[in-house]
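Colleague: Dropping a structure here in structure tokens format, bear with me for questions.
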Amino acid sequence: MNLLKKLQDIVTPYRISNDPAELYCYSSDASYITGTPDYVVMPCTTTEVSEIIKLAHMHRIPITTRGAGTGLAGGAVPLLGGIVLDMSRMNKILDIDIKNLQVLVEPGLIHADLNRSLEPYGFFFPPDPGSSEMCTLGGLIANRGSGMRSVKYGTVTDYVLDLEVVMPDGTVIQTGGKVMKSASGYDLTALMVGSEGTLGVIAGARLKIHPLPEARAAVLAHFNDLEAAGSAVSAIMGRGLVPSACELMDRTTIRAVNAYDPDLNIPDCEALLLIEVDGALCSVESGAIKVADCCKELGAFNVRIASSESEMKELWAARRLAGAAVTRLSPGKTRVYIGEDVAVPLSVIPGMLREIRTISKKHGLTIMTYGHAGDGNLHTGMAIDTLDEKQWEVLKQAADEIHRAALVLGGTVSGEHGIGCARGMYMNEEHGSALDVMVSIKKALDPYNIMNPQKVGLK
Amino acid sequence: MKEYLRDIVKCVKCGRCRTVCPPLEVQGWESSGPRGRVQLALRMYFGLEPSNSLITSILTCTTCQQCVAECPSVADPHQVTRAARRELVALGHASPHQVELQERIGNTGNSLGDRSSRTTWLTKTQDQGHSGYVYFAGCLASYRYQSTAAATYKILRKFGVGFIEDEQCCGSPLFRLGLDASDLIAHNSRQIKAAGAHTVIVGCAGCYSMLKEQYQGFNVLHLSEFLADRLGELSAGRLDIQVAYHDPCHLGRAYGIYDAPRKVIEEICTLVEMDPSREKASCCGGGGGVRLGYPELSGSMAGKLKENIPEGIDYVVTSCPLCFRNLSDTGVKMLDLADLVLMAIE
């Protein structure tokens with residue numbers, strides 16, 4: 001079989017590549033996982049996606065779907081070769097339906113582009129990943145991503161009304177509809193959200209949108225003790241205050257953020273809580289004061305409220321890129337995304353922070369800790385000399401210990417980045433016999449195991 | 001690539017650069033963006049045999065440096081790409097357009113392969129000034145936009161600025177493509193020294209960055225910098241026109257020259273900003289040898305930039321003849337900064 005010829009019958013030759021250099025560029029995402037495809041194809045329509053998958057189904061060829069390749073767990077890495085579908089050209093907004101509070105988009109649309117398009121209407125799409133400027137909505141949905149504002153607004157799961165999915169045999173289905181709720185049948189939308197391309201390819205999405213809040217303010221609370229900051233998170237939430245974001249940054253993260261944007265000049269301290277409140281102007285003012293007072297009571301030594309739009313914009317821009325910016329602090333070292341996305345119950349955030357500190361000391365490895373503490377999601381950042389094999393070994397050991405510590409504390413190995421193949425080995429420990437159900441679903445829908453094989457712990 | 005290995009491994013592959021790379025926006029392939037180029041440079045270090053895609057990837061960078069400005073981990077895809085270009089040439093993989101350019105400049109001393117006089121824009125009565133300032137016209141102004149070169153020199157003569165007797169290409173087109181520009185640098189350096197210049201004034205962003213980066217022994221000023229504080233001495237009148245200013249990558253992002261051209265323009269007429277502009281200004285698509293080697297891609301990038309031009313303006317002003325040329329070709333009504341200033345004087 002001449003697969004290239006058959007692919008050329010489906011999409012224009014310019015949008016297919018099997019050049020070794022191009023294949024190499026598609027052999028990794030933002031994680032450390034690698035695997036080389038045989039072909040990369042850039043479809044532009046659902047029909048093209050469907051035809052490609054029918055071909056793959058017929059010839060048992062693995063299909064790996066990729067958005068912008070910003071995933072942190074190797075989800076878009078073709079472990080068994082086959083075809084990578086680069087969805088980034090399917091990037092249009094098909095409909096902005098303000099009356100029905102929803103938009104219809106293609107999967108390759110960049111997250112921030114959607115919000116820029118919604119802003120003139122006074123609306124936004126609340127899930128707010130740090131990679132907003134570069135990640136695609138298809139990838140965000142497929143990985144059940146969320147971001148900084150999920151503490152108030154929820155994760156992407158809460159915003160998907162309907163998905164157009166190309167199933168493993170090429171059939172195209174709609175999983176939902178335009179209605180805001182439905183009790184009709186199995187919730188296939190929820191099944192597909194977070195399925196990481198193992199059950200089908202998301203070719204379109206109808207998403208709920210939300211009016212932009214009238215005002216936003218951020219409270220910056222500085223702490224001399226990291227665990228005290230962690231304890232404060234649960235206390236703030238317990239007092240009925242619902243911030244729109246509640247971010248924790250440790251000393252290393254603060255330094256990385258300052259290095260990225262020196263104008264921010266955040267005071268050097270053990271921990272910073274960056275807590276945002278949004279809503280009507282009057283409620284934001286009082287809410288910010290309440291949060292600030294609460295932080296003072298809980299041991300913050302320096303608390304201030306930032307409300308100017310430019311400062312808020314700068315703060316969030318720097319926070320979003322803090323993970324990558326850590327590389328600025330250690331010449332010769334590079335941030336590697338591994339063990340970076342655990343989430344734990346709010347009450348054990350201080351315990352998790354303690355565990356991370358212990359692991360850091362044990363391995364002599366600086367571990368920056370930051371994240372969406374308001375929902376228990378802690379990101380850890382480790383930088384090593386990537387040319388030194390021994391440092392890789394230490395890094396992997398530390399990451400393994402972080403994952404296992406989170407599980408012991410009743411947490412999860414991934415709060416929002418997904419499992420991919422970087423965390424598949426923890427699925428049994430985290431899910432037990434529920435993993436068998438996942439395996440059964442996978443077998444039922446994809447009997448030839450062509451859709452993103454060897455991901456999500458589904459060997 | 002060995003000396004750049006540390007720069008290469010700084011990349012955390014976050015993909016931030018993908019969203020600002022003009023060739024990637026047009027082409028879509030991972031190899032057409034900075035992250036892909038950096039990863040390919042790493043593979044070159046480990047011995048990957050250059051393929052068509054690899055060569056195209058490395059040669060389609062316009063050197064606009066938006067990726068450098070946006071990179072959170074301070075990787076420098078621009079430097080890495082430049083090193084990869086040198087490596088490809090050293091490995092014998094110079095593309096036909098690189099070979100042709102080298103021959104053309106070698107034979108004629110200019111990037112256009114034009115055998116006519118380089119100084120037709122000079123009038124016979126103009127003699128060398130003795131101010132210590134000399135004007136470096138550059139190839140495009142000398143051979144394609146002589147009226148702009150003449151306008152520039154007419155303005156500069158008022159300040160006693162001289163010219164270079166035997167100017168040749170500054171070497172930027174060769175240097176950007178990973179080719180050897182040392183003979184040109186040596187030749188022009190001798191000429192500048194012979195003119196007794198302490199400062200060289202250029203009207204071209206490409207020449208500016210080349211003289212700044214690769215030459216030594218004198219100051220370099222862009223025309224806009226030279227005029228920003230001297231415009232009052234020229235008795236320039238006010239023009240009843242509205243213009244936008246296109247920031248050339250090699251003046252703006254590369255050297256932070258944003259205010260000087262704006263100051264000159266605002267003294268003369270109404271400036272309406274492009275969106276985006278300054279640090280985030282889009283690339284015209286002409287630089288880095290892309291217009292020469294990949295004209296269709298270059299044109300597509302220029303076409304995309306047109307979307308940034310505000311409505312109702314009379315001209316887009318720029319201070320780089322390559323940007324001028326690439327945008328003019330898409331039908332944009334362009335004006336060089338020097339021509340605008342001369343209009344205001346006359």
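Chains: A, B, ... in order of the structure tokens. Residues: from 1 per chain. Ligands: from 1, in order shown.
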Quick one: everything within 8 Å of range 62-75 of chain B, counting only C-alpha atoms, minus sequence neighbours fewer than 5 positions away in the same chain. Send it as an NGL selection string.
Modeller: (:A and (260 or 321-322 or 324-328)) or (:B and (7-8 or 10-12 or 16-18 or 20-21 or 23 or 34 or 176 or 249-250 or 253-254 or 280 or 283 or 285-290))
Colleague: Would you kindly return, as a tab-separated table (two decimals) with C-alpha atoms, in the first residue's frame, each protein, DNA or RNA residue with an atom no farther than 6 Å from any atom of Val161 in chain B, considering only C-alpha atoms and excluding same-chain residues fewer than 2 positions away?
Modeller:
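To be explicit, this is the file written out as part-v4.tsv:
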chain	number	residue	atom	x	y	z
B	129	GLY	CA	31.98	67.03	4.00
B	131	SER	CA	32.17	67.00	9.86
B	133	TYR	CA	29.91	62.21	9.80
B	134	VAL	CA	29.48	60.18	6.62
B	156	LEU	CA	22.44	65.45	5.59
B	157	ARG	CA	24.50	67.91	3.52
B	159	PHE	CA	24.83	69.34	8.48
Colleague: With a cut-off of 10 Å, could you pull out the residues of chain B touching chain A and give me the nearest pair of atoms for each, distance in Å to one decimal, using only C-alpha atoms, ordered by chain and ascending number, as a tab-separated table?
Modeller:
residue	atom	partner	partner_atom	distance
B:Leu5	CA	A:Leu387	CA	9.4
B:Arg6	CA	A:Gly332	CA	6.7
B:Asp7	CA	A:Gly332	CA	8.8
B:Val9	CA	A:Thr334	CA	6.9
B:Lys10	CA	A:Thr334	CA	5.4
B:Cys11	CA	A:Thr334	CA	7.4
B:Val12	CA	A:Arg335	CA	6.2
B:Lys13	CA	A:Ala30	CA	4.8
B:Cys14	CA	A:Ala30	CA	5.4
B:Gly15	CA	A:Thr70	CA	5.9
B:Arg16	CA	A:Met134	CA	5.7
B:Cys17	CA	A:Met134	CA	8.3
B:Arg18	CA	A:Met134	CA	7.1
B:Thr19	CA	A:Met134	CA	6.1
B:Val20	CA	A:Met134	CA	9.5
B:Glu25	CA	A:Arg89	CA	9.6
B:Gln27	CA	A:Arg15	CA	9.4
B:Gly28	CA	A:Arg89	CA	7.0
B:Trp29	CA	A:Glu22	CA	7.8
B:Glu30	CA	A:Cys25	CA	6.1
B:Ser31	CA	A:Glu22	CA	5.9
B:Ser32	CA	A:Glu22	CA	9.2
B:Gly33	CA	A:Cys25	CA	9.9
B:Arg35	CA	A:Cys25	CA	8.4
B:Gly36	CA	A:Cys25	CA	5.4
B:Arg37	CA	A:Cys25	CA	8.3
B:Val38	CA	A:Cys25	CA	9.5
B:Gln39	CA	A:Cys25	CA	6.7
B:Leu40	CA	A:Ala21	CA	6.9
B:Arg43	CA	A:Tyr24	CA	8.5
B:Met44	CA	A:Ala21	CA	9.8
B:Leu48	CA	A:Ala21	CA	8.2
B:Glu49	CA	A:Ala21	CA	8.8
B:Pro50	CA	A:Ala21	CA	7.7
B:Ser51	CA	A:Ala21	CA	6.5
B:Asn52	CA	A:Asp19	CA	7.6
B:Ser53	CA	A:Ala21	CA	5.8
B:Leu54	CA	A:Ala21	CA	5.3
B:Ile55	CA	A:Ala21	CA	9.0
B:Ser57	CA	A:Ala21	CA	8.9
B:Cys71	CA	A:Ala325	CA	8.6
B:Pro72	CA	A:Ala325	CA	4.9
B:Ser73	CA	A:Ala325	CA	4.8
B:Val74	CA	A:Arg328	CA	6.6
B:Ala75	CA	A:Thr327	CA	9.2
Colleague: Could you save those same residues with C-alpha atoms as a compact mmCIF listing (two decimals), in the first residue's frame?
Modeller:
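As a result, again-v9.txt now contains:
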# COMPACT_ATOMS: atom_id res chain seq x y z
CA LEU B 5 24.60 23.91 22.15
CA ARG B 6 23.93 25.68 25.44
CA ASP B 7 21.65 28.17 23.69
CA VAL B 9 19.08 23.42 25.14
CA LYS B 10 17.72 26.54 26.86
CA CYS B 11 14.54 26.03 24.85
CA VAL B 12 11.86 24.45 27.04
CA LYS B 13 9.68 23.83 23.96
CA CYS B 14 6.79 25.79 25.50
CA GLY B 15 5.71 26.98 22.05
CA ARG B 16 5.39 30.67 22.96
CA CYS B 17 7.41 31.56 19.86
CA ARG B 18 4.96 29.72 17.58
CA THR B 19 2.34 32.41 17.91
CA VAL B 20 4.59 35.29 16.85
CA GLU B 25 1.73 31.78 10.55
CA GLN B 27 3.08 27.89 6.44
CA GLY B 28 1.83 26.16 9.56
CA TRP B 29 4.48 23.47 9.78
CA GLU B 30 6.32 23.02 13.04
CA SER B 31 9.62 23.27 11.13
CA SER B 32 8.66 26.74 9.90
CA GLY B 33 8.77 28.20 13.41
CA ARG B 35 10.84 25.94 18.17
CA GLY B 36 11.20 23.64 15.18
CA ARG B 37 14.36 25.39 14.01
CA VAL B 38 15.96 25.13 17.43
CA GLN B 39 15.11 21.44 17.64
CA LEU B 40 16.52 20.89 14.16
CA ARG B 43 19.63 17.37 15.60
CA MET B 44 22.23 18.92 13.29
CA LEU B 48 21.08 14.73 11.25
CA GLU B 49 21.65 14.82 7.50
CA PRO B 50 20.19 18.07 6.11
CA SER B 51 17.01 17.39 4.14
CA ASN B 52 14.91 19.75 2.05
CA SER B 53 12.64 20.51 4.98
CA LEU B 54 15.57 21.22 7.26
CA ILE B 55 17.20 23.59 4.79
CA SER B 57 13.21 25.62 7.81
CA CYS B 71 10.86 33.68 24.82
CA PRO B 72 10.31 33.20 28.57
CA SER B 73 13.40 31.06 28.98
CA VAL B 74 15.71 33.51 27.16
CA ALA B 75 16.60 31.07 24.44
Colleague: Which is closer to Cys207 in chain B than all the others in B:Asp247, B:Leu91, B:Gly138, B:Arg238, using only C-alpha atoms?
Modeller: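 Smallest distance to Cys207 in chain B is found for B:Gly138.
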Colleague: Quick check for you: according to DSSP on this backbone, which residues of range 278-408 of chain A are classed as helix (DSSP H, G or I)? Reply as an MDAnalysis selection string.
Modeller: chainID A and resid 281:297 309:320 322:329 346:363 373:375 389:408
Colleague: Would you mind telling me which residue in B:Leu297, B:Ala151, B:Ala90, B:Ala181 lies nearest to Ile105 in chain B when using only C-alpha atoms?
Modeller: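 Of all the options, B:Ala181 lies closest to Ile105 in chain B.
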Colleague: Between A:Gly374, A:Gly177, A:Gly74, A:Pro267, single out the one closest to Leu220 in chain A, counting only C-alpha atoms.
Modeller: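 Result for the nearest residue to Leu220 in chain A: A:Pro267.
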Colleague: Can you tell me which residues surround Arg206 in chain A at a distance of at most 6 Å, considering only C-alpha atoms, apart from same-chain residues fewer than 2 positions away, and format the answer as a VMD selection string?
Modeller: chain A and resid 103 to 104 161 to 162
Colleague: Please save N, CA and C atoms of the selected residues as a compact mmCIF listing (two decimals), in the first residue's frame.
Modeller:
# COMPACT_ATOMS: atom_id res chain seq x y z
N VAL A 103 -20.13 29.78 21.82
CA VAL A 103 -19.39 29.94 20.57
C VAL A 103 -19.18 28.55 19.95
N LEU A 104 -19.02 28.56 18.64
CA LEU A 104 -18.69 27.32 17.93
C LEU A 104 -17.31 27.52 17.32
N LEU A 161 -20.37 22.24 25.58
CA LEU A 161 -21.76 21.86 25.37
C LEU A 161 -21.87 20.73 24.35
N ASP A 162 -20.97 20.75 23.42
CA ASP A 162 -21.10 19.79 22.32
C ASP A 162 -19.74 19.65 21.62
Colleague: Range 202-415 of chain A: which residues are strand (DSSP E) by DSSP, as an MDAnalysis selection string?
Modeller: chainID A and resid 202:208 210:211 215:223 245:250 271:279 302:306 334:336 342:343 367:372 377:384
Colleague: Excluding Arg118 in chain B and its own-chain neighbours fewer than 5 positions away, which residues fall within 8 Å of it when counting only C-alpha atoms? Please give them as a ChimeraX atom specification.
Modeller: /B:139,142-143,167
Colleague: Could you list, as a ChimeraX atom specification, every residue within 8 Å of Ile52 in chain A, counting only C-alpha atoms and ignoring same-chain residues fewer than 6 positions away?
Modeller: /A:7,10,170
Colleague: Keeping N, CA and C atoms, export the residues of the selection given above as a short mmCIF file (atom, residue, chain, number, x, y, z; two decimals), in the first residue's frame.
Modeller:
data_model
loop_
_atom_site.label_atom_id
_atom_site.label_comp_id
_atom_site.auth_asym_id
_atom_site.auth_seq_id
_atom_site.Cartn_x
_atom_site.Cartn_y
_atom_site.Cartn_z
N LEU A 7 -2.97 9.26 1.15
CA LEU A 7 -3.17 10.51 1.91
C LEU A 7 -3.31 11.69 0.95
N ILE A 10 -6.58 12.53 -0.22
CA ILE A 10 -7.49 13.15 0.76
C ILE A 10 -7.17 14.63 0.98
N GLY A 170 -13.89 6.53 11.71
CA GLY A 170 -14.11 7.63 10.77
C GLY A 170 -15.51 8.24 10.85
#
Colleague: Given only C-alpha atoms as the basis, pick out the residue of A:Lys296, A:His431, A:Lys178, A:Arg66 nearest to Leu137 in chain A.
Modeller: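 When distances to Leu137 in chain A are compared using only C-alpha atoms, the smallest one comes from A:Arg66.
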Colleague: Choose the residue, out of A:Asn428, A:Thr253, A:Ser330, A:Ser308, that has the smallest atom-to-atom separation from Thr369 in chain A; count only C-alpha atoms.
Modeller: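 Counting only C-alpha atoms, the residue closest to Thr369 in chain A is A:Thr253.
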Colleague: Tell me which protein, DNA and RNA residues are within 7 Å of Met210 in chain B, counting only C-alpha atoms, leaving out same-chain ones fewer than 3 positions away, and put them as a list in words.
Modeller: Cys170, Ser172, Gly206, Cys207, Glu213 and Gln214 of chain B
